[in-house]
Structures are given as structure tokens and as C-alpha cells.
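Notes follow once the structure below has been shown.
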Amino acid sequence: MLQEPFAVGNSILHRIDPRMRIAAATVYSVIVALSRHFPTLATAVGASLALIMLAKLRPRDVVIRLIIVNSFTLLLWLVLPLTFQGSVAISIGPLSVYHSGLIMSAQITLKSNAILMALMALIATMTLSTLGSALNRLHLPDKIVHLLLMTYRYIFVIEQEFQRLMRAAQIRGFRPGTNLHTYKTYAYIVGMLFVRSALRADRVYKAMLCRGFKRKFYCLHQFRTGKEEWLFGTAMGVAVMVLIYLEWLKAGV
Amino acid sequence: MHISEGVLSGPVLISGAALAAAGTAIGLKKLDYDHIAKAGMLAAAFFVASLIHVPIGPSNAHLILNGLVGLLLGWAAFPAILVALALQGAFFQFGGITTLGINTIIMALPAVLCYLGFGRMIFKSPQIAYLAAFACGFLAILTSGIIVGLSLIFTEENFLEVAGLIIAAHIPVMIIEGVVTAICVAFLRKVRPEMLPGYPG
């Protein structure tokens, strides 16, 4: 089932104006993504952890998500230290582990975890409909916001449609395996899913016209930027400045 | 197929974002307000289809179907895939803000290329049509893999082995995507041909 486990909460971060959170998350992730030195990256991981604490997310959910994301990092740890050319750190029999490969893997691991934790604390703490409206207020093109909200609205419906098709197949004795029959069945299920989506889109569009759709999508959320928002904005600004300073300090050496 | 946060270098991320913005702008231009409901619904279906895991021997892989989405949406595949990836990021934190651009290119550029290359063959004789549909599914994943590989190599030359490994690991996925896309197109041709590009009726 699709869920947004972090979206509902009552922490300070949940209450901050979504527009401010989106702006902060964007600047912060760009700066972290461009950083390369360990003092910066370690500080970033610390700052992201602090954000997670502030958002009072359930540690279990956070860890589960990080494990999934880190499966790719694990692949890097397995491959990079063995293939990177450069100075050899350790030799085990015929294998040599390269120093720069280890450093690269560590950099990527710290970076991706820092960025994703900040994302969970700042963006995943709002529902998608809030996100859409906030993006609308941040002057993203109307059409893309409309498309985002439309897709979000129907993802759950289409997912249930898929579950229904799957149940029907299972009741008829469908058991997936590595054979053409399985791929055929899945292809028909997917085809049917697309057909029903298109038919539903027709009905929805007609219903929208009946309700007076005038090629504009109105976002009704009201946002307010007050003292808390500016405080949060300043704190994030300071954090970003510290990261840039640390990076600049190392680059100068 | 996507690249997680923190892997790629600044120039690669920025070029990815710029290209994705250009593609999305073209897609949005070609997508008028009357078709947003349909594009959104198909983006939702694309998102759900990517949750389907099909068995491959002892392992399994999830469907991607960007080739099929390209056939169904044409240039509108760009905004639709961008939105689906943003939703994946929001639901599962698979990707974040800085990689949204490059990941959109990875998935949507092959989709549009397949549409441009094979869109006109879908209503030719069955053999040609199904071969074109297979090529769509197969080549879309291959192209995605190549873009992933290139963005890794442009980040750091020593990523060559990882890039090769990723493409090689996706060969079974390419075959399955080809087969599923071909059968799916055959199905749509019978059930609802007007959804496919170049419908003569």
C-alpha cells in the first residue's frame, strides 16, 4: 500500500510554512550535493540528523527508508575500492583495495544520506497536496502543478484498480514464474490498467467540464510566513553558510 | 532506473536539470489543459506499473515501461515522468531534489526517442508493429542505461566499471520490457487502438 508516513505530525517542522521548507530543502541539498570534503559532509549529516529529530519522525521508518536507499551505496562500496586507479590501501592476495575508491564511496554515502534525511524532515513532512499548492505559490508553471495534483489524486485509485486486477488473476490460479505466460499475464494487466486509466480520465474530464472547468486549477491553501518561519529560514541559512565555509576552508589548503 | 542523491558531480546535475527543464517545457507546450487529466491518469498508471515486480529466475525486477509511456504520451511523457518521479521521491525518498532533473532525462528522453522512432510503425502489419514495440521496450531501457552510464563517467572516469556493471545487469530487464511492451501494444491494438500513436481510424 502507498503511504505517506511522515506527512502527519505536530512537530515544529510540520508547522513551518511549506514554501519556506521547500526553499530551504532545495538550497541545502544543492550545497550538500556540490560539497566534497569530509568536514563539510560530516557536518551536513549532523545537521540532517538534527532536522530529523526536530521533525520527530519515527526512527524505525527513517531507518527502513535509509536501508533501501543505501543498497546502491553498498554496490559502490563493493565495486569502487577494487576498480579505482590510484594508490593501493590494502592488498588481499590478488585483490588490491584502492585508497581513492574508499574515499569516493565514503563521500557518496555521507552525501546521499545527508540529503535524503533532510528531504524526509523537510519535504516528506507535508502531504503531496500541500506540496502542490506550495509549488503553485512559488510560481511553478500552472500546468505542472495541475498535473502533479491530478496524478497524486489518482495514484491511490489506480493502485486499487491494479490490486483488483491482480486479485482476479490470482483467483484464477495465476502464479508468477519465469515463463512467457507470466509476462503475458502481466502485460495484459498493465494494458488493462492503461485502458481503464484512459477511460477514467475521459469521465473525470467530462465531470470537470460539467462543474465549469475553465482551464485553470485553483489552489485554495493559504500560507503564512511569520516569526517562526524567519527564525527557521535564518537557522537554515546559517547552516548552509557553515557548510560553504567548511568547504572553502578545505579547498584553500 | 535512477541515480541516487550525492553520486553525481555538479556539472552533470546542472546539465541534467537544464535538459529536463527544456524537455518538460516542450512537453507542457504540447499538452493543453484538456489533456492534463489524461496525462495525469497515465502518469499515475506508470507509477503503479513501476511497483509491479516480475520474476526473473531466482530474482525479480520491477517493470519500468518508459518505452510504452513514450508511445502513449509522446512529448507529454516528459512532464508525466517528471511528476511520477517527484511522487516516487515524496513517497519512498528514492530520489531527491538535486537528482530530479537527471533522473527525468534518464527515463523520459528514451521514452520520447522511442515515440519519435517507432510511433509510426504501430499500425503497420502485425509483424512490423510487434517488432517495433519490442524494440521500444528494449531500447528504452538500453538508452536509459547508457544515459546512467554516461552521467556516471562524466562525473568520474573511474566509474567506468560501475557503469558497465549497471548496463550489463539490466540486459534481462531489457528483454522482459521488450516482451511486455510488445504484448501490451498487441493488446491495446485490439482493445483500444485510439490510445496508440498514428491511429488511422
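Quick note on naming: the chains in the C-alpha cells go A, B, ... in the order shown, residues restart at 1 in each chain, and ligands are numbered from 1 in order of appearance.
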When the cut-off is 8 Å and we count only C-alpha atoms, which residues of chain B are near chain A, given as a count of residues only?
-> 55
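Using only C-alpha atoms, the residues found no farther than 8 Å from Val69 of chain B, other than those of its own chain fewer than 3 positions away, are Leu42, Phe46, Leu65, Asn66, Leu72, Leu73, Gly74, Ala77 and Ala111 of chain B.
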Mind listing the alpha helix (DSSP H) residues of segment 1-104 of chain A, per DSSP on the backbone, as an MDAnalysis selection string?
-> chainID A and resid 12:15 18:34 38:55 59:83 99:104
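For Lys250 of chain A, the residues within 10 Å (counting only C-alpha atoms, excluding itself and residues fewer than 5 positions away along the chain) are A:Arg36, A:His37, A:Phe38, A:Pro39, A:Thr40, A:Tyr245.
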For the residues in that selection, give me C-alpha atoms as a PDB file, in the first residue's frame.
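Output file selection.pdb follows:
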ATOM      1  CA  ARG A  36      33.341  17.122  -1.414  1.00  0.00           C
ATOM      2  CA  HIS A  37      35.290  17.388   1.808  1.00  0.00           C
ATOM      3  CA  PHE A  38      34.755  15.245   4.860  1.00  0.00           C
ATOM      4  CA  PRO A  39      34.368  18.022   7.485  1.00  0.00           C
ATOM      5  CA  THR A  40      31.558  19.528   5.375  1.00  0.00           C
ATOM      6  CA  TYR A 245      32.756  27.975   4.853  1.00  0.00           C
TER       7      TYR A 245
END
